[in-house]
Every structure is written in C-alpha cells, then in structure tokens.
Amino acid sequence: MNIIITITVTALVVLYAGLFKAKKALLPLTLVGLLTSLAFVVTAWNTNQTYYGMMQMDNFALAFTGLTVLGTLFIFLLTQNYFAANSENIAEYFTLILFALAGIVVMVSYKNMSMLFIGLEIMSVSLYILAGIRKTNFASNEASLKYFLMGAFSTGFLLFGIALIYGATGSFDLDVINQYLVGNYKAVSPLFYPGLILLLIGMCFKIGAAPFHFWVPDVYEGSPTLIMAFMSTVVKVAGFAAFLRLFAGTFAPLHDFWLPPLMGIVCLTLFIGNVTALFQKSFKRMLAYSSVSHAGYLLFSLVTLTASSSNNVLVYVAAYTFASIIAFAVLILVKQKTGDDHFNSFNGLAKRNPLTALVLTVAMLSLAGIPLTAGFIGKYLMFVNVMTNYHVYLVAFAILNALVGFYYYFRVIVAMYFKEGNDTDLQTPVQYQFVLVLSVLITVFLGVYPSVILNLI
C-alpha cells in the first residue's frame, strides 16, 4: 500500500509544482518518488500482505511492480526537452504517467475483480489523455479517439464477464472463485463459461493480442513516441501480470476449457504481428506490430501452466521492456534530428554515433531472440514450457514466425552499418547515455545470468 500512496502523492506534488511554475523541480521530484517506491518494493519482499481482502502484495505483485516502476523511471529519464517541445504544461505529462502507474500497481496486485477494473480504468483514462495530449496534432487526436473507443468497447466485455462470473459464484474475490471451481468442477454454473470467455476477450484487447489488436498500430503511431514507449513496455507488463494472475491462478481448474480459444489467439497473434511488421517502412510502426507478436510469445505461459510460468513471464517482460526502451530512446534521437522515423533515417548511424548504433543493435538482437541476450532466454523459456506438454506443432509455428522477426529487426542493423547516410552528427544527451548503457548491461546480464530473476517469485 505504501507503494501506491507514494506514487499518488508524488503525482499530486508534481502537479502542484507545475501550477507554481517550478519546472526544474518536476523531474527530481518524480525520480525521488519512484526511487522511494522501489525501496518500498524491496522492504515489502516476502511479507505477503493483504489489504482489506482487495489487494495482495505478494512476491508476484512486488516483482512486476518493481519492473514497472523501474521501467517508468527509465522513461522519465528520457524526458529531457521532449515534453517541452510539445507543450508548456510539462507537469500534466508527468502527473498523468504517474497516475497511470498507480493504476498499474493496482492491476498487478488485485485480489478482487473489482480492483482489477478500478486499476485498469485508472491506467486507461490517463493513457487516453496522454495519447491525444498534442491537441494540434491530427494523428494524436485520432490515436486518442481510437484508443478511447476501443478501450471502452473492451471494458464492456470485461465488465460483462465479471458480472456473469459474479452471478455464478456470488463473489468477486479470486480465492472464493477458485474454491468454487475446485469444489464444483463438474457442476459449474452455465453463467461461468461465457463470463470466462468475455474476460478472455477483454484481457486480449488490453494486451493487444490478435484479432483484438487493430487499435495498436494507429494508437502507437499517433501517440507521442515517449508515451508509446510507456504503453509498449510498462503498460504491457501490467496487462500480462493481470492476465496471468487471473487465468494461471483463479481459472486454472478450467484450463482445458479456455485452452483451445487461447491457442487460436496465440497462432493469430504470432502470424499477424510478425507478417505485418515485415512490410512496415516506419520503424515506429514496426515496433507497434512487433509488440503484437511479443504478446503471442508471452501467451505461451498460459498454454501450459507450470510452477515456473510466472517466473518465465517475468524474465520475458524484463527482456522486452529494456530492449524496447533502448529502441524508443534511439528513435526519439533520430527523429529529432531527421524529422522522420523510416528505416532510411538510421542509414549510416554507426559512423555518426557508434555507441548509439551499438546499443540499438543489442536491443534488436534481444527482441529477435539471439543468444547471449535476455530476449533469447525469454523465448527459450516460453518454448521449453510448452514443449513439456507436447505442443510441438505450436513451438514449430512460433519458431517459423521468430525467423520472420529476424528479417525486420535486422533491417535496422543493416541500415546502421551497411548503408550510407548523411554526415549530420547525432548527439546523445547524458541522461540518454545513462539509460541506454544501463539497459544494454541489464539485457546482456540477464542473457548470461537469467537465474538472478528466474526463481524470484
């Protein structure tokens, strides 16, 4: 609870600092608040505290909370002069991101489905505003409207599913629902099954899994790049943590019922995400479709439920988060210099800025799943997890799609090292250098020593 209070108080303090025109204090105040939240994550480890039967700060919640707070901290370090170029009211950006983070913490620690809805809406409303915060930009307005309409539509599925499950079990509490399923496995109410399917659809909308992904590319492309980085990393981590807590825990007794539609969603997500990313000319749009494909790989954790499923997801989302933060940071620098986000903008980057090209190369290799990177370990764990239950054809299909991913990730590397570009120097601010280098070190370290977090939960 201290974590949520700290983040919320920080958001309010930052908002009032903006009202009093204390712009230079915004980033330090935010960083202090996030570092304090991380300290509370560490001190709460192994305590497994439950708050009013609504939220549970167990190691699962704390691990994903720590990752989302750290990812948000890295994103704030990339705000140097970024928001100032779009608006004079920088405090609103900071405050909305922090409020979204508070909702995210609720999402990863809920013990009651009403808290899942509350956390989801706190996060979503903040993101609707952030997506369209550039009021004079048509693409940003379009992104906000599409995100709002699709978000409201998916929330309807979610709420209807929760209502049906409540009608069947008489409770919103996850433990009570799980005990109902265990005790009435052969006599589950007919209301429960459509409720579960509606929840599956609603959660797939939130994580951008196909065929419920159609809002992702346009919303990501129209949103400010730094906001897209937040949505593609921190928000996606929260979505999968909430998904995992609900289906791998509460609904596990009905695994045989929801596995067939899930496997169909996995196959569609992998195929559509990878094949569509293959034809993109925009690096930003490629990353959007890439995030769809990674949703498919992450859903492997629910195909075969094991004791290590949560740890496997934690490794994968950590790898994906830090590699994506690198990609978006470099994209911001390149776009600020060239005014474009096409692959051609990266031509000759290795000559202009060797360090930036090197870290982006590591990020692309990790996203592609090349050995000695965290991304390889993440994919390996997902594939092995499914292989233990003889889903060989699914793994073969996923590997073929991963090979497609090699092509569009390596396009960036080829452009940086083997194509001629202009001679314009690309400067990397100190804060960016810190985030890029630290993210690369984490990516390589987790690729070599994944055991550090593999048995964390």
# chains A, B, ... in the order shown; residues from 1 in each chain; ligands from 1
call {"tool": "closest_atom_pairs", "arguments": {"of": "range 68-146 of chain A", "to": "range 431-447 of chain A", "cutoff": "8 Å", "atoms": "only C-alpha atoms", "output": "tab-separated table"}}
result
residue	atom	partner	partner_atom	distance
A:Phe74	CA	A:Val435	CA	6.2
A:Leu77	CA	A:Gln431	CA	6.0
A:Leu78	CA	A:Tyr432	CA	5.9
A:Gln80	CA	A:Gln431	CA	7.6
call {"tool": "select_by_dssp", "arguments": {"residues": "range 191-363 of chain A", "states": "helix (DSSP H, G or I)", "output": "MDAnalysis selection string"}}
result
chainID A and resid 192:207 216:222 225:250 252:278 283:298 300:303 309:338 343:346 349:352 354:363
call {"tool": "write_last_selection", "arguments": {"atoms": "C-alpha atoms", "output": "compact mmCIF listing (two decimals), in the first residue's frame"}}
result
# COMPACT_ATOMS: atom_id res chain seq x y z
CA PHE A 192 -19.50 -19.03 -15.70
CA TYR A 193 -18.33 -20.20 -19.13
CA PRO A 194 -19.48 -17.22 -21.22
CA GLY A 195 -18.21 -14.95 -18.43
CA LEU A 196 -14.77 -16.52 -18.68
CA ILE A 197 -14.70 -16.15 -22.48
CA LEU A 198 -15.74 -12.50 -22.23
CA LEU A 199 -12.94 -11.90 -19.73
CA LEU A 200 -10.50 -13.60 -22.08
CA ILE A 201 -11.57 -11.30 -24.92
CA GLY A 202 -11.40 -8.21 -22.70
CA MET A 203 -7.89 -9.02 -21.48
CA CYS A 204 -6.72 -9.80 -25.03
CA PHE A 205 -7.92 -6.36 -26.11
CA LYS A 206 -5.86 -4.75 -23.34
CA ILE A 207 -2.62 -6.57 -24.21
CA VAL A 216 -2.45 -0.92 -31.56
CA PRO A 217 -0.60 0.36 -34.67
CA ASP A 218 -2.65 3.54 -35.12
CA VAL A 219 -2.68 4.42 -31.42
CA TYR A 220 1.04 3.76 -31.05
CA GLU A 221 1.89 5.71 -34.22
CA GLY A 222 -0.23 8.73 -33.36
CA THR A 225 6.94 8.49 -29.03
CA LEU A 226 7.75 8.58 -25.33
CA ILE A 227 4.13 7.82 -24.44
CA MET A 228 4.22 4.96 -26.94
CA ALA A 229 7.34 3.68 -25.15
CA PHE A 230 5.43 3.72 -21.86
CA MET A 231 2.41 1.93 -23.37
CA SER A 232 4.51 -0.64 -25.18
CA THR A 233 6.59 -1.58 -22.14
CA VAL A 234 5.20 -0.71 -18.71
CA VAL A 235 1.53 -0.97 -19.67
CA LYS A 236 2.06 -4.28 -21.50
CA VAL A 237 3.90 -5.71 -18.47
CA ALA A 238 0.95 -4.77 -16.25
CA GLY A 239 -1.54 -6.30 -18.68
CA PHE A 240 0.24 -9.63 -18.71
CA ALA A 241 0.68 -9.67 -14.96
CA ALA A 242 -3.08 -9.13 -14.54
CA PHE A 243 -3.81 -11.74 -17.23
CA LEU A 244 -1.51 -14.27 -15.56
CA ARG A 245 -2.91 -13.72 -12.05
CA LEU A 246 -6.44 -14.28 -13.30
CA PHE A 247 -6.05 -17.22 -15.70
CA ALA A 248 -3.00 -19.07 -14.38
CA GLY A 249 -4.29 -18.79 -10.82
CA THR A 250 -8.03 -18.36 -10.45
CA ALA A 252 -6.62 -22.82 -13.73
CA PRO A 253 -9.16 -25.60 -12.90
CA LEU A 254 -10.93 -24.83 -16.22
CA HIS A 255 -7.71 -24.79 -18.24
CA ASP A 256 -8.99 -27.44 -20.65
CA PHE A 257 -11.99 -25.22 -21.46
CA TRP A 258 -10.18 -21.97 -22.26
CA LEU A 259 -7.02 -23.53 -23.78
CA PRO A 260 -8.43 -24.09 -27.35
CA PRO A 261 -9.53 -20.45 -27.91
CA LEU A 262 -6.27 -19.28 -26.32
CA MET A 263 -4.19 -21.39 -28.72
CA GLY A 264 -6.12 -19.91 -31.64
CA ILE A 265 -5.38 -16.41 -30.32
CA VAL A 266 -1.68 -17.30 -29.89
CA CYS A 267 -1.34 -18.51 -33.50
CA LEU A 268 -3.18 -15.50 -34.93
CA THR A 269 -1.16 -13.08 -32.80
CA LEU A 270 2.19 -14.56 -33.85
CA PHE A 271 1.30 -14.70 -37.53
CA ILE A 272 -0.38 -11.29 -37.87
CA GLY A 273 2.16 -9.48 -35.68
CA ASN A 274 5.26 -10.82 -37.44
CA VAL A 275 4.00 -10.82 -41.04
CA THR A 276 2.54 -7.32 -40.79
CA ALA A 277 5.71 -5.96 -39.15
CA LEU A 278 7.62 -7.37 -42.10
CA PHE A 283 10.45 1.95 -37.55
CA LYS A 284 7.83 3.17 -35.07
CA ARG A 285 5.03 1.24 -36.76
CA MET A 286 7.25 -1.83 -36.98
CA LEU A 287 7.73 -1.67 -33.21
CA ALA A 288 3.95 -1.47 -32.80
CA TYR A 289 3.35 -4.68 -34.76
CA SER A 290 6.38 -6.23 -33.08
CA SER A 291 4.69 -5.65 -29.71
CA VAL A 292 1.70 -7.62 -31.03
CA SER A 293 3.95 -10.58 -31.90
CA HIS A 294 5.57 -10.48 -28.46
CA ALA A 295 2.09 -10.71 -26.93
CA GLY A 296 1.80 -14.05 -28.72
CA TYR A 297 5.06 -15.36 -27.28
CA LEU A 298 4.04 -14.25 -23.79
CA PHE A 300 2.76 -19.30 -24.26
CA SER A 301 2.97 -19.08 -20.48
CA LEU A 302 -0.76 -19.83 -20.31
CA VAL A 303 -0.76 -22.69 -22.81
CA SER A 309 5.07 -19.82 -15.54
CA SER A 310 5.18 -16.58 -13.53
CA ASN A 311 8.99 -16.53 -13.42
CA ASN A 312 9.19 -17.22 -17.16
CA VAL A 313 6.87 -14.29 -17.89
CA LEU A 314 8.91 -12.04 -15.58
CA VAL A 315 12.13 -12.87 -17.48
CA TYR A 316 10.46 -12.31 -20.85
CA VAL A 317 8.82 -8.99 -19.99
CA ALA A 318 12.04 -7.74 -18.38
CA ALA A 319 13.94 -8.57 -21.57
CA TYR A 320 11.27 -6.98 -23.74
CA THR A 321 11.00 -3.86 -21.56
CA PHE A 322 14.66 -2.89 -21.54
CA ALA A 323 15.22 -3.71 -25.23
CA SER A 324 12.15 -1.67 -26.20
CA ILE A 325 13.22 1.28 -24.06
CA ILE A 326 16.53 1.31 -25.96
CA ALA A 327 14.71 1.18 -29.30
CA PHE A 328 12.37 4.04 -28.44
CA ALA A 329 15.16 6.17 -26.96
CA VAL A 330 17.21 5.89 -30.15
CA LEU A 331 14.09 6.51 -32.23
CA ILE A 332 13.47 9.77 -30.36
CA LEU A 333 17.05 10.93 -31.01
CA VAL A 334 16.96 10.01 -34.68
CA LYS A 335 13.52 11.54 -35.27
CA GLN A 336 14.51 14.77 -33.53
CA LYS A 337 17.49 15.03 -35.89
CA THR A 338 15.96 13.85 -39.17
CA PHE A 343 14.24 2.88 -41.67
CA ASN A 344 16.22 5.14 -44.02
CA SER A 345 16.67 7.60 -41.15
CA PHE A 346 19.00 5.08 -39.50
CA LEU A 349 24.17 5.72 -37.84
CA ALA A 350 27.18 3.57 -36.87
CA LYS A 351 29.52 6.18 -38.38
CA ARG A 352 27.73 9.16 -36.85
CA PRO A 354 28.92 4.28 -32.78
CA LEU A 355 27.66 3.95 -29.18
CA THR A 356 24.03 4.58 -30.10
CA ALA A 357 24.26 2.16 -33.02
CA LEU A 358 25.82 -0.49 -30.78
CA VAL A 359 23.13 -0.31 -28.08
CA LEU A 360 20.35 -0.36 -30.69
CA THR A 361 21.97 -3.42 -32.25
CA VAL A 362 21.91 -5.21 -28.89
CA ALA A 363 18.25 -4.23 -28.46
call {"tool": "atom_distance", "arguments": {"atom1": "CA of Lys21 in chain A", "atom2": "CA of Leu96 in chain A"}}
result
17.3 Å
